[in-house]
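Remarks on the structure that follows.
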Amino acid sequence: MNANSYSVTSYVNRMSNGAGIAAKHASQPQMHSSQPAPEIDNREQYVKYINSASEEKLAGSIDAIKQYGPPIAMFRMSDIEKAANSEEMHGRIGRAIDHFEVEAQQYHIQELAIIKAGEQAGKSSKKILMEIVELRDQQSELFKMGTNWGSKGLAHPENYEKLIAATPSYVNYYV
């Protein structure tokens, strides 16, 4: 599945995680451009949203976290296709995603605990979401690359060394 030139993994395993959005994107024609897609820093965008949205919208964001489950890893397929070692990149990303999914499950449990404790303490949605930002900031480099959290993504050339570090047992059969 391609959504805005990003490839989203684990879609089949978690179709309920954004299925409506996926259906909407699938029904729209895909626009391809020779221009590179802009770099997205989800952390920056999320903090801007938290600081500007109404309490009602922020409460809706908390409800969405509860409903949709753990984050899924994303990467730009074009980064893999343009790599000189695209076969290796495919293999490493596949291995990295296995590790990412384990961390994403653990992260989501912690995220839900923050929400529950915050709601019980009567905290505002903004405070709860900022605590979730802090939690995300504490995750591994692999998690941050997979969610573009202050990072350029799993397959981005600038993150190749980090990808190697996240997949030390990968054997490159394509050399």
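Each chain in the structure tokens gets a letter, A, B and so on, in the order shown; residues start at 1 in every chain, and ligands are counted from 1 in the order they appear.
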- Message: Give me, as a PyMOL selection string, all polymer residues having an atom no more than 12 Å from Lys57 (chain A), counting only C-alpha atoms and skipping those fewer than 5 positions away in the same chain.
- Response: chain A and resi 49-52+62-64+124-126+129
- Query: Using only C-alpha atoms, which of the listed residues (A:Ala59, A:Leu154, A:Val47, A:Val133) sits closest to Phe75 (chain A)?
  - Reply: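 The closest residue to Phe75 (chain A) is A:Leu154.
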- In Å, rounded to a single decimal, give me how far CA of Glu141 (chain A) is from CA of Gly69 (chain A).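 Pair CA of Gly69 (chain A) / CA of Glu141 (chain A) returns 20.5 Å.
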- Tell me which of A:Lys144, A:Arg92, A:His108, A:Lys123 sits closest to Gln67 (chain A), counting only C-alpha atoms.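 Distance minimum relative to Gln67 (chain A) lands on A:His108.
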- Query: Do you know which residues are at most 12 Å from Tyr46 (chain A) counting only C-alpha atoms, after dropping those on the same chain fewer than 4 positions away, and could you put them as a PyMOL selection string?
  - Reply: chain A and resi 40-42+50-53+58+61+126+129-130+132-134+136+147-150
- Query: Given the choices A:Pro168, A:Ser151, A:His99, A:Lys162, which gets closest to Asp137 (chain A) if the distance is worked out from only C-alpha atoms?
  - Reply: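 Closest residue, counting only C-alpha atoms: A:Ser151.
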- As a check of understanding: the span from CA of Tyr107 (chain A) to CA of Pro71 (chain A) is 8.6 Å
